[in-house]
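Beneath this line is the structure, given in structure tokens, with notes to follow.
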Amino acid sequence: MKFSKRSASPSPLRGRALVTGGTSGIGLAFARALAARGCDIALVARNEARLESVAAELSSLGVDVVALPADLSQSEGVAKVCSYIDEEQVEVLVNNAGKGLRHPLATTDTAPLREAIDLMASAVVEVGAVAAAAMKARGHGVVVNTASVSGLVPMGLYSAIKALVKTWSQALALEMRPHGVQVVTFMPGWVRTEHHARAGITTSNLPDAVWLDADAVVEETLRAVDAGKTYVTPSLKFKVASALARYAPQRAVGAVTQKIVRGRDG
């Protein structure tokens with residue numbers, strides 16, 4: 001008896017993809033990888049010159065690229081992106097905008113703390129909410145939310161914000177599952193980008209072995225999306241680190257975290 005070969009399911013990564021923080025680091029890697037797959041791209045970033053440069057690069061791949069200059073730490077920037085999502089059919093959202101943060105928790109200078117919360121928590125939730133609602137109405141779509149392995153350990157406000165994103169993203173995934181919308185909680189570890197240098201965080205004391213390549217991290221994540229997964233921690237070493245962070249005694253996790261912070265900050 002001859003059996004016919006079962007055809008592979010089409011990738012959910014199609015149509016227009018909106019990528020926040022899409023001109024550098026992990027966001028740029030996502031934009032390039034999605035454009036290479038044939039997705040049209042909407043790029044969101046603050047730096048207009050860099051935005052136009054990356055848009056031109058991606059356009060050379062034969063896809064349509066829209067540049068959306070917006071500061072997502074400001075309500076006006078968030079409203080601009082949400083308005084675009086309302087007006088256009090965005091099939092994929094990579095909710096990735098963020099910045100490094102090296103600032104004490106006990107301080108009278110709370111502006112950097114508020115800005116970080118606005119950019120990496122409030123904007124992420126609001127943009128994700130609007131995109132998910134539009135996708136729910138159509139019955140399909142993908143939302144990738146960039147959390148972090150650091151959200152599993154007590155490493156300052158950045159970790160606290162990423163813990164919020166992780167929990168919110170998982171809750172959104174459960175809410176959207178019956179409606180054909182795939183919500184993916186993306187949990188990268190340390191990835192070599194401009195992220196740390198821009199925040200004034202020294203990383204030279206950390207061994208090369210802990211670092212990951214942005215393109216490799218993104219490719220692994222997109223393969224996981226194709227496979228229908230909703231929680232992705234790229235690389236075996238950070239899968240192991242994540243398990244230890246969850247299940248090891250909290251006093252031990254805290255002690256290791258303190259050593260990492262000292263080594264990271266030099």
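A note on labels: chains of the structure tokens are A, B, ... as shown, every chain counts residues from 1, and ligands are counted from 1 in their shown order.
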### Task
as a PyMOL selection string, please: all residues of segment 39-252 of chain A that backbone DSSP puts in helix (DSSP H, G or I).
chain A and resi 48-59+75-87+111-138+149-152+156-179+195-198+208-210+214-226+236-247+250-252
Would you tabulate, counting only C-alpha atoms, all residues of segment 211-258 of chain A that have an atom at most 9 Å from an atom of segment 31-37 of chain A, showing the closest pair of atoms and their distance in Å to one decimal, sorted by chain then ascending number, as a Markdown table?
```
| residue | atom | partner | partner_atom | distance |
| --- | --- | --- | --- | --- |
| A:Asp215 | CA | A:Ala33 | CA | 7.9 |
| A:Val218 | CA | A:Ala33 | CA | 7.6 |
| A:Glu219 | CA | A:Ala33 | CA | 7.3 |
| A:Leu222 | CA | A:Ala33 | CA | 8.5 |
```
Go ahead and write the selection's residues with all heavy atoms as a PDB file, in the first residue's frame.
```pdb
ATOM      1  N   ASP A 215      21.416  36.528  15.566  1.00  0.00           N
ATOM      2  CA  ASP A 215      20.808  35.851  14.417  1.00  0.00           C
ATOM      3  C   ASP A 215      20.455  34.403  14.744  1.00  0.00           C
ATOM      4  O   ASP A 215      19.376  33.914  14.371  1.00  0.00           O
ATOM      5  CB  ASP A 215      21.741  35.899  13.209  1.00  0.00           C
ATOM      6  CG  ASP A 215      21.917  37.305  12.671  1.00  0.00           C
ATOM      7  OD1 ASP A 215      20.973  38.113  12.772  1.00  0.00           O
ATOM      8  OD2 ASP A 215      23.010  37.613  12.156  1.00  0.00           O
ATOM      9  N   VAL A 218      17.381  34.278  17.064  1.00  0.00           N
ATOM     10  CA  VAL A 218      16.145  34.567  16.337  1.00  0.00           C
ATOM     11  C   VAL A 218      15.735  33.391  15.455  1.00  0.00           C
ATOM     12  O   VAL A 218      14.555  33.019  15.402  1.00  0.00           O
ATOM     13  CB  VAL A 218      16.306  35.860  15.513  1.00  0.00           C
ATOM     14  CG1 VAL A 218      15.189  35.994  14.475  1.00  0.00           C
ATOM     15  CG2 VAL A 218      16.314  37.066  16.441  1.00  0.00           C
ATOM     16  N   GLU A 219      16.679  32.779  14.774  1.00  0.00           N
ATOM     17  CA  GLU A 219      16.337  31.637  13.918  1.00  0.00           C
ATOM     18  C   GLU A 219      15.761  30.491  14.737  1.00  0.00           C
ATOM     19  O   GLU A 219      14.781  29.848  14.327  1.00  0.00           O
ATOM     20  CB  GLU A 219      17.574  31.169  13.135  1.00  0.00           C
ATOM     21  CG  GLU A 219      17.902  32.040  11.946  1.00  0.00           C
ATOM     22  CD  GLU A 219      16.751  32.129  10.938  1.00  0.00           C
ATOM     23  OE1 GLU A 219      16.010  31.134  10.745  1.00  0.00           O
ATOM     24  OE2 GLU A 219      16.572  33.209  10.353  1.00  0.00           O
ATOM     25  N   LEU A 222      12.163  31.504  15.636  1.00  0.00           N
ATOM     26  CA  LEU A 222      11.208  31.409  14.533  1.00  0.00           C
ATOM     27  C   LEU A 222      10.891  29.957  14.191  1.00  0.00           C
ATOM     28  O   LEU A 222       9.748  29.638  13.822  1.00  0.00           O
ATOM     29  CB  LEU A 222      11.742  32.152  13.308  1.00  0.00           C
ATOM     30  CG  LEU A 222      11.909  33.673  13.478  1.00  0.00           C
ATOM     31  CD1 LEU A 222      12.350  34.309  12.168  1.00  0.00           C
ATOM     32  CD2 LEU A 222      10.630  34.322  13.991  1.00  0.00           C
TER      33      LEU A 222
END
```
#### Entry: Exercise: segment 53-58 of chain A partners within 12 Å, only C-alpha atoms, chain neighbours under 6 positions left out, as a PyMOL selection string
chain A and resi 19+21-24+27-45+47+64-69
Just write the chosen residues, N, CA, C and O atoms, as a tab-separated table (two decimals), in the first residue's frame.
```
chain	number	residue	atom	x	y	z
A	19	VAL	N	7.77	45.16	13.91
A	19	VAL	CA	8.86	44.88	14.85
A	19	VAL	C	9.21	46.17	15.58
A	19	VAL	O	9.66	47.14	14.97
A	21	GLY	N	11.60	48.29	18.15
A	21	GLY	CA	13.04	48.19	18.41
A	21	GLY	C	13.74	47.45	17.29
A	21	GLY	O	14.67	46.68	17.52
A	22	GLY	N	13.30	47.72	16.05
A	22	GLY	CA	13.73	46.89	14.92
A	22	GLY	C	14.97	47.34	14.19
A	22	GLY	O	15.26	46.81	13.11
A	23	THR	N	15.73	48.30	14.73
A	23	THR	CA	16.91	48.80	14.00
A	23	THR	C	18.23	48.38	14.63
A	23	THR	O	19.29	48.76	14.13
A	24	SER	N	18.19	47.61	15.70
A	24	SER	CA	19.44	47.16	16.32
A	24	SER	C	19.20	45.88	17.09
A	24	SER	O	18.05	45.54	17.43
A	27	GLY	N	16.00	42.96	17.75
A	27	GLY	CA	14.93	43.45	16.90
A	27	GLY	C	15.33	43.49	15.44
A	27	GLY	O	14.55	43.10	14.56
A	28	LEU	N	16.55	43.95	15.16
A	28	LEU	CA	17.05	43.98	13.79
A	28	LEU	C	17.18	42.56	13.25
A	28	LEU	O	16.85	42.30	12.08
A	29	ALA	N	17.65	41.64	14.08
A	29	ALA	CA	17.76	40.24	13.64
A	29	ALA	C	16.39	39.67	13.29
A	29	ALA	O	16.24	38.95	12.29
A	30	PHE	N	15.37	39.99	14.07
A	30	PHE	CA	14.01	39.56	13.74
A	30	PHE	C	13.54	40.17	12.42
A	30	PHE	O	12.97	39.48	11.57
A	31	ALA	N	13.78	41.47	12.25
A	31	ALA	CA	13.33	42.15	11.03
A	31	ALA	C	13.99	41.53	9.80
A	31	ALA	O	13.32	41.28	8.78
A	32	ARG	N	15.28	41.28	9.87
A	32	ARG	CA	15.99	40.69	8.74
A	32	ARG	C	15.48	39.28	8.46
A	32	ARG	O	15.27	38.90	7.29
A	33	ALA	N	15.31	38.48	9.50
A	33	ALA	CA	14.90	37.08	9.31
A	33	ALA	C	13.48	37.00	8.74
A	33	ALA	O	13.19	36.18	7.87
A	34	LEU	N	12.59	37.86	9.22
A	34	LEU	CA	11.21	37.85	8.72
A	34	LEU	C	11.14	38.36	7.29
A	34	LEU	O	10.39	37.84	6.47
A	35	ALA	N	11.93	39.39	6.97
A	35	ALA	CA	11.98	39.89	5.60
A	35	ALA	C	12.52	38.80	4.66
A	35	ALA	O	12.03	38.63	3.54
A	36	ALA	N	13.53	38.06	5.12
A	36	ALA	CA	14.09	36.98	4.30
A	36	ALA	C	13.06	35.88	4.05
A	36	ALA	O	13.13	35.19	3.03
A	37	ARG	N	12.10	35.73	4.95
A	37	ARG	CA	11.02	34.76	4.77
A	37	ARG	C	9.90	35.29	3.87
A	37	ARG	O	8.93	34.59	3.61
A	38	GLY	N	10.01	36.56	3.48
A	38	GLY	CA	9.01	37.15	2.59
A	38	GLY	C	7.97	38.01	3.27
A	38	GLY	O	7.02	38.47	2.61
A	39	CYS	N	8.11	38.24	4.58
A	39	CYS	CA	7.16	39.10	5.27
A	39	CYS	C	7.41	40.57	4.92
A	39	CYS	O	8.57	41.01	4.87
A	40	ASP	N	6.35	41.32	4.67
A	40	ASP	CA	6.47	42.77	4.64
A	40	ASP	C	6.73	43.24	6.07
A	40	ASP	O	6.30	42.59	7.03
A	41	ILE	N	7.41	44.37	6.21
A	41	ILE	CA	7.88	44.78	7.52
A	41	ILE	C	7.40	46.20	7.85
A	41	ILE	O	7.45	47.09	7.00
A	42	ALA	N	6.98	46.40	9.10
A	42	ALA	CA	6.78	47.73	9.67
A	42	ALA	C	7.79	47.87	10.80
A	42	ALA	O	7.75	47.09	11.76
A	43	LEU	N	8.71	48.80	10.66
A	43	LEU	CA	9.79	48.99	11.64
A	43	LEU	C	9.46	50.14	12.56
A	43	LEU	O	9.11	51.24	12.11
A	44	VAL	N	9.61	49.92	13.86
A	44	VAL	CA	9.39	50.98	14.86
A	44	VAL	C	10.69	51.21	15.62
A	44	VAL	O	11.28	50.26	16.15
A	45	ALA	N	11.14	52.47	15.67
A	45	ALA	CA	12.33	52.83	16.43
A	45	ALA	C	12.36	54.33	16.62
A	45	ALA	O	11.62	55.08	15.96
A	47	ASN	N	15.34	56.31	16.47
A	47	ASN	CA	16.37	56.96	15.65
A	47	ASN	C	15.93	56.95	14.18
A	47	ASN	O	15.99	55.92	13.51
A	64	ASP	N	7.91	44.93	1.11
A	64	ASP	CA	7.48	46.29	1.40
A	64	ASP	C	7.86	46.64	2.83
A	64	ASP	O	7.61	45.85	3.75
A	65	VAL	N	8.46	47.80	3.03
A	65	VAL	CA	8.92	48.20	4.37
A	65	VAL	C	8.37	49.58	4.70
A	65	VAL	O	8.50	50.52	3.91
A	66	VAL	N	7.74	49.68	5.86
A	66	VAL	CA	7.23	50.96	6.37
A	66	VAL	C	8.05	51.34	7.59
A	66	VAL	O	8.25	50.52	8.50
A	67	ALA	N	8.54	52.57	7.62
A	67	ALA	CA	9.30	53.08	8.76
A	67	ALA	C	8.38	53.91	9.64
A	67	ALA	O	7.75	54.86	9.18
A	68	LEU	N	8.30	53.54	10.91
A	68	LEU	CA	7.45	54.25	11.87
A	68	LEU	C	8.31	54.82	12.99
A	68	LEU	O	8.59	54.13	13.98
A	69	PRO	N	8.77	56.06	12.86
A	69	PRO	CA	9.54	56.66	13.96
A	69	PRO	C	8.62	56.90	15.16
A	69	PRO	O	7.59	57.56	15.04
```
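In this structure, atom CA of Arg177 of chain A sits 10.1 Å away from atom CA of Gly139 of chain A.
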### Gly228 of chain A environment, 10 Å, only C-alpha atoms, sequence neighbours closer than 5 positions dropped, as an NGL selection string
:A and (11-12 or 182-184 or 222-223)
### Summary
Using only C-alpha atoms, the shortest atom-to-atom distance to Ser159 of chain A among A:Ala147, A:Val232, A:Ala137, A:Ala243 belongs to A:Ala147
### Message
From the options A:Met120, A:Met187, A:Val130, A:Leu164, which residue's atoms come nearest to Tyr84 of chain A, counting only C-alpha atoms?
### Response
A:Val130
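Atom to atom, atom CA of Val125 of chain A and atom CA of Val210 of chain A stand 29.5 Å apart.
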### Message
I'd like the contact shell of Ala121 of chain A - 10 Å cut-off, only C-alpha atoms, skipping same-chain residues fewer than 4 positions apart - returned as a ChimeraX atom specification.
### Response
/A:73,97-98,115-117,125-126,147,158,160-165,168
Emit the selected residues as a compact mmCIF listing (two decimals), in the first residue's frame, including all heavy atoms.
```txt
# COMPACT_ATOMS: atom_id res chain seq x y z
N SER A 73 8.52 55.03 24.88
CA SER A 73 8.50 55.43 26.29
C SER A 73 7.56 56.62 26.51
O SER A 73 7.34 57.03 27.65
CB SER A 73 9.91 55.78 26.78
OG SER A 73 10.38 56.98 26.18
N ALA A 97 10.83 46.28 21.75
CA ALA A 97 11.54 47.51 22.12
C ALA A 97 11.99 47.47 23.58
O ALA A 97 11.24 47.04 24.47
CB ALA A 97 10.64 48.73 21.89
N GLY A 98 13.21 47.91 23.80
CA GLY A 98 13.72 47.90 25.17
C GLY A 98 15.07 48.58 25.25
O GLY A 98 15.62 49.05 24.26
N GLU A 115 10.85 55.67 33.07
CA GLU A 115 11.02 55.54 31.62
C GLU A 115 11.14 54.06 31.22
O GLU A 115 10.56 53.62 30.23
CB GLU A 115 12.24 56.31 31.13
CG GLU A 115 12.43 56.23 29.62
CD GLU A 115 13.70 56.90 29.13
OE1 GLU A 115 14.56 57.22 29.97
OE2 GLU A 115 13.83 57.07 27.91
N ALA A 116 11.90 53.30 32.02
CA ALA A 116 12.07 51.88 31.73
C ALA A 116 10.74 51.14 31.82
O ALA A 116 10.42 50.28 30.98
CB ALA A 116 13.09 51.26 32.69
N ILE A 117 9.94 51.45 32.84
CA ILE A 117 8.63 50.82 32.99
C ILE A 117 7.72 51.19 31.83
O ILE A 117 7.02 50.34 31.26
CB ILE A 117 8.00 51.22 34.34
CG1 ILE A 117 8.79 50.61 35.50
CG2 ILE A 117 6.53 50.77 34.40
CD1 ILE A 117 8.42 51.15 36.85
N VAL A 125 2.60 46.01 26.91
CA VAL A 125 1.24 45.53 27.20
C VAL A 125 0.22 46.21 26.29
O VAL A 125 -0.68 45.56 25.74
CB VAL A 125 0.91 45.75 28.68
CG1 VAL A 125 -0.58 45.50 28.95
CG2 VAL A 125 1.76 44.86 29.57
N GLU A 126 0.36 47.53 26.10
CA GLU A 126 -0.64 48.25 25.30
C GLU A 126 -0.57 47.88 23.83
O GLU A 126 -1.59 47.60 23.19
CB GLU A 126 -0.45 49.76 25.48
CG GLU A 126 -1.58 50.57 24.89
CD GLU A 126 -1.57 52.03 25.31
OE1 GLU A 126 -0.81 52.37 26.24
OE2 GLU A 126 -2.30 52.82 24.69
N ALA A 147 10.69 38.72 26.58
CA ALA A 147 10.93 38.76 28.02
C ALA A 147 12.43 38.54 28.20
O ALA A 147 13.23 39.07 27.44
CB ALA A 147 10.09 37.71 28.72
N TYR A 158 15.18 45.95 35.74
CA TYR A 158 15.09 45.31 34.42
C TYR A 158 14.52 43.90 34.56
O TYR A 158 13.61 43.50 33.83
CB TYR A 158 16.47 45.28 33.75
CG TYR A 158 16.45 44.67 32.37
CD1 TYR A 158 16.14 45.44 31.26
CD2 TYR A 158 16.74 43.32 32.18
CE1 TYR A 158 16.11 44.89 29.98
CE2 TYR A 158 16.72 42.75 30.91
CZ TYR A 158 16.40 43.54 29.82
OH TYR A 158 16.37 42.98 28.57
N ALA A 160 12.73 42.75 37.04
CA ALA A 160 11.33 42.83 37.50
C ALA A 160 10.39 43.11 36.33
O ALA A 160 9.31 42.52 36.24
CB ALA A 160 11.21 43.91 38.56
N ILE A 161 10.80 43.99 35.44
CA ILE A 161 9.98 44.31 34.26
C ILE A 161 9.83 43.07 33.38
O ILE A 161 8.74 42.75 32.90
CB ILE A 161 10.60 45.47 33.48
CG1 ILE A 161 10.46 46.77 34.26
CG2 ILE A 161 9.95 45.61 32.10
CD1 ILE A 161 11.26 47.93 33.69
N LYS A 162 10.95 42.37 33.15
CA LYS A 162 10.88 41.20 32.29
C LYS A 162 10.07 40.07 32.93
O LYS A 162 9.45 39.26 32.22
CB LYS A 162 12.30 40.73 31.94
CG LYS A 162 13.05 41.69 31.03
CD LYS A 162 12.31 41.92 29.72
CE LYS A 162 13.08 42.78 28.74
NZ LYS A 162 12.36 42.99 27.47
N ALA A 163 10.05 40.01 34.26
CA ALA A 163 9.19 39.03 34.94
C ALA A 163 7.73 39.36 34.68
O ALA A 163 6.89 38.47 34.44
CB ALA A 163 9.48 39.03 36.43
N LEU A 164 7.39 40.65 34.70
CA LEU A 164 6.03 41.07 34.37
C LEU A 164 5.67 40.69 32.94
O LEU A 164 4.59 40.14 32.68
CB LEU A 164 5.90 42.58 34.57
CG LEU A 164 4.53 43.21 34.28
CD1 LEU A 164 4.31 44.45 35.15
CD2 LEU A 164 4.35 43.59 32.81
N VAL A 165 6.58 40.98 32.00
CA VAL A 165 6.31 40.66 30.59
C VAL A 165 6.11 39.16 30.41
O VAL A 165 5.19 38.73 29.68
CB VAL A 165 7.46 41.17 29.70
CG1 VAL A 165 7.29 40.66 28.26
CG2 VAL A 165 7.52 42.69 29.71
N TRP A 168 2.62 38.22 31.95
CA TRP A 168 1.55 38.78 31.11
C TRP A 168 1.46 38.06 29.77
O TRP A 168 0.37 37.74 29.29
CB TRP A 168 1.81 40.27 30.89
CG TRP A 168 1.02 40.84 29.75
CD1 TRP A 168 -0.30 41.19 29.76
CD2 TRP A 168 1.48 41.07 28.42
NE1 TRP A 168 -0.69 41.64 28.51
CE2 TRP A 168 0.40 41.57 27.68
CE3 TRP A 168 2.72 40.92 27.79
CZ2 TRP A 168 0.52 41.92 26.33
CZ3 TRP A 168 2.84 41.25 26.46
CH2 TRP A 168 1.74 41.75 25.73
```
### Task
Apply DSSP to the backbone of this structure and, from segment 11-196 of chain A, keep only the residues in strand (DSSP E); write these as a PyMOL selection string.
chain A and resi 16-20+40-45+65-69+90-95+141-146+181-186
Once you have the residues from the selection above, write them out as a compact mmCIF listing (two decimals), in the first residue's frame, restricted to N, CA, C and O atoms.
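For reference, part_38.txt as written:
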```txt
# COMPACT_ATOMS: atom_id res chain seq x y z
N ARG A 16 2.26 40.96 6.98
CA ARG A 16 3.08 42.06 7.49
C ARG A 16 3.46 41.82 8.95
O ARG A 16 2.62 41.49 9.78
N ALA A 17 4.75 41.99 9.22
CA ALA A 17 5.27 41.87 10.58
C ALA A 17 5.68 43.25 11.09
O ALA A 17 6.42 43.97 10.42
N LEU A 18 5.20 43.62 12.26
CA LEU A 18 5.60 44.87 12.90
C LEU A 18 6.61 44.53 13.99
O LEU A 18 6.33 43.70 14.86
N VAL A 19 7.77 45.16 13.91
CA VAL A 19 8.86 44.88 14.85
C VAL A 19 9.21 46.17 15.58
O VAL A 19 9.66 47.14 14.97
N THR A 20 9.02 46.18 16.90
CA THR A 20 9.43 47.34 17.68
C THR A 20 10.89 47.17 18.11
O THR A 20 11.35 46.06 18.36
N ASP A 40 6.35 41.32 4.67
CA ASP A 40 6.47 42.77 4.64
C ASP A 40 6.73 43.24 6.07
O ASP A 40 6.30 42.59 7.03
N ILE A 41 7.41 44.37 6.21
CA ILE A 41 7.88 44.78 7.52
C ILE A 41 7.40 46.20 7.85
O ILE A 41 7.45 47.09 7.00
N ALA A 42 6.98 46.40 9.10
CA ALA A 42 6.78 47.73 9.67
C ALA A 42 7.79 47.87 10.80
O ALA A 42 7.75 47.09 11.76
N LEU A 43 8.71 48.80 10.66
CA LEU A 43 9.79 48.99 11.64
C LEU A 43 9.46 50.14 12.56
O LEU A 43 9.11 51.24 12.11
N VAL A 44 9.61 49.92 13.86
CA VAL A 44 9.39 50.98 14.86
C VAL A 44 10.69 51.21 15.62
O VAL A 44 11.28 50.26 16.15
N ALA A 45 11.14 52.47 15.67
CA ALA A 45 12.33 52.83 16.43
C ALA A 45 12.36 54.33 16.62
O ALA A 45 11.62 55.08 15.96
N VAL A 65 8.46 47.80 3.03
CA VAL A 65 8.92 48.20 4.37
C VAL A 65 8.37 49.58 4.70
O VAL A 65 8.50 50.52 3.91
N VAL A 66 7.74 49.68 5.86
CA VAL A 66 7.23 50.96 6.37
C VAL A 66 8.05 51.34 7.59
O VAL A 66 8.25 50.52 8.50
N ALA A 67 8.54 52.57 7.62
CA ALA A 67 9.30 53.08 8.76
C ALA A 67 8.38 53.91 9.64
O ALA A 67 7.75 54.86 9.18
N LEU A 68 8.30 53.54 10.91
CA LEU A 68 7.45 54.25 11.87
C LEU A 68 8.31 54.82 12.99
O LEU A 68 8.59 54.13 13.98
N PRO A 69 8.77 56.06 12.86
CA PRO A 69 9.54 56.66 13.96
C PRO A 69 8.62 56.90 15.16
O PRO A 69 7.59 57.56 15.04
N VAL A 90 -1.76 43.75 10.48
CA VAL A 90 -0.50 43.23 11.00
C VAL A 90 -0.71 41.79 11.41
O VAL A 90 -1.52 41.49 12.30
N GLU A 91 -0.01 40.88 10.74
CA GLU A 91 -0.16 39.45 11.00
C GLU A 91 0.80 38.94 12.06
O GLU A 91 0.55 37.92 12.71
N VAL A 92 1.93 39.65 12.21
CA VAL A 92 2.96 39.24 13.17
C VAL A 92 3.41 40.47 13.94
O VAL A 92 3.76 41.49 13.32
N LEU A 93 3.41 40.41 15.25
CA LEU A 93 3.99 41.46 16.08
C LEU A 93 5.18 40.90 16.83
O LEU A 93 5.06 39.88 17.53
N VAL A 94 6.34 41.56 16.68
CA VAL A 94 7.49 41.25 17.53
C VAL A 94 7.61 42.43 18.50
O VAL A 94 8.04 43.52 18.14
N ASN A 95 7.18 42.20 19.73
CA ASN A 95 7.05 43.22 20.77
C ASN A 95 8.37 43.27 21.53
O ASN A 95 8.53 42.67 22.59
N GLY A 141 -2.90 35.03 13.70
CA GLY A 141 -1.84 35.98 13.94
C GLY A 141 -0.84 35.45 14.94
O GLY A 141 -1.08 34.43 15.61
N VAL A 142 0.31 36.12 15.03
CA VAL A 142 1.38 35.72 15.95
C VAL A 142 1.87 36.96 16.69
O VAL A 142 2.15 37.99 16.09
N VAL A 143 2.00 36.84 18.01
CA VAL A 143 2.61 37.88 18.83
C VAL A 143 3.81 37.27 19.54
O VAL A 143 3.67 36.27 20.26
N VAL A 144 4.99 37.84 19.34
CA VAL A 144 6.20 37.41 20.03
C VAL A 144 6.58 38.51 21.01
O VAL A 144 6.84 39.65 20.62
N ASN A 145 6.58 38.19 22.30
CA ASN A 145 6.92 39.15 23.34
C ASN A 145 8.30 38.85 23.91
O ASN A 145 8.54 37.74 24.41
N THR A 146 9.19 39.83 23.85
CA THR A 146 10.55 39.62 24.35
C THR A 146 10.59 39.82 25.86
O THR A 146 10.52 40.95 26.35
N VAL A 181 -4.87 32.66 17.73
CA VAL A 181 -3.73 33.59 17.80
C VAL A 181 -2.63 32.95 18.66
O VAL A 181 -2.88 32.56 19.80
N GLN A 182 -1.43 32.86 18.10
CA GLN A 182 -0.30 32.26 18.79
C GLN A 182 0.51 33.35 19.48
O GLN A 182 1.05 34.24 18.83
N VAL A 183 0.57 33.30 20.79
CA VAL A 183 1.35 34.26 21.57
C VAL A 183 2.57 33.54 22.13
O VAL A 183 2.45 32.52 22.81
N VAL A 184 3.75 34.08 21.82
CA VAL A 184 5.01 33.41 22.16
C VAL A 184 5.79 34.25 23.17
O VAL A 184 6.06 35.43 22.94
N THR A 185 6.12 33.62 24.29
CA THR A 185 6.96 34.26 25.29
C THR A 185 8.41 33.91 24.98
O THR A 185 8.81 32.75 25.09
N PHE A 186 9.17 34.91 24.56
CA PHE A 186 10.55 34.74 24.09
C PHE A 186 11.49 35.09 25.24
O PHE A 186 11.46 36.21 25.76
```
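The spacing separating atom CA of Gln74 of chain A from atom CA of Ala129 of chain A amounts to 16.9 Å.
Checking A:Leu174, A:Ala133, A:Met155, A:Val78 one by one against Pro104 of chain A, counting only C-alpha atoms, you find the shortest gap at A:Met155.
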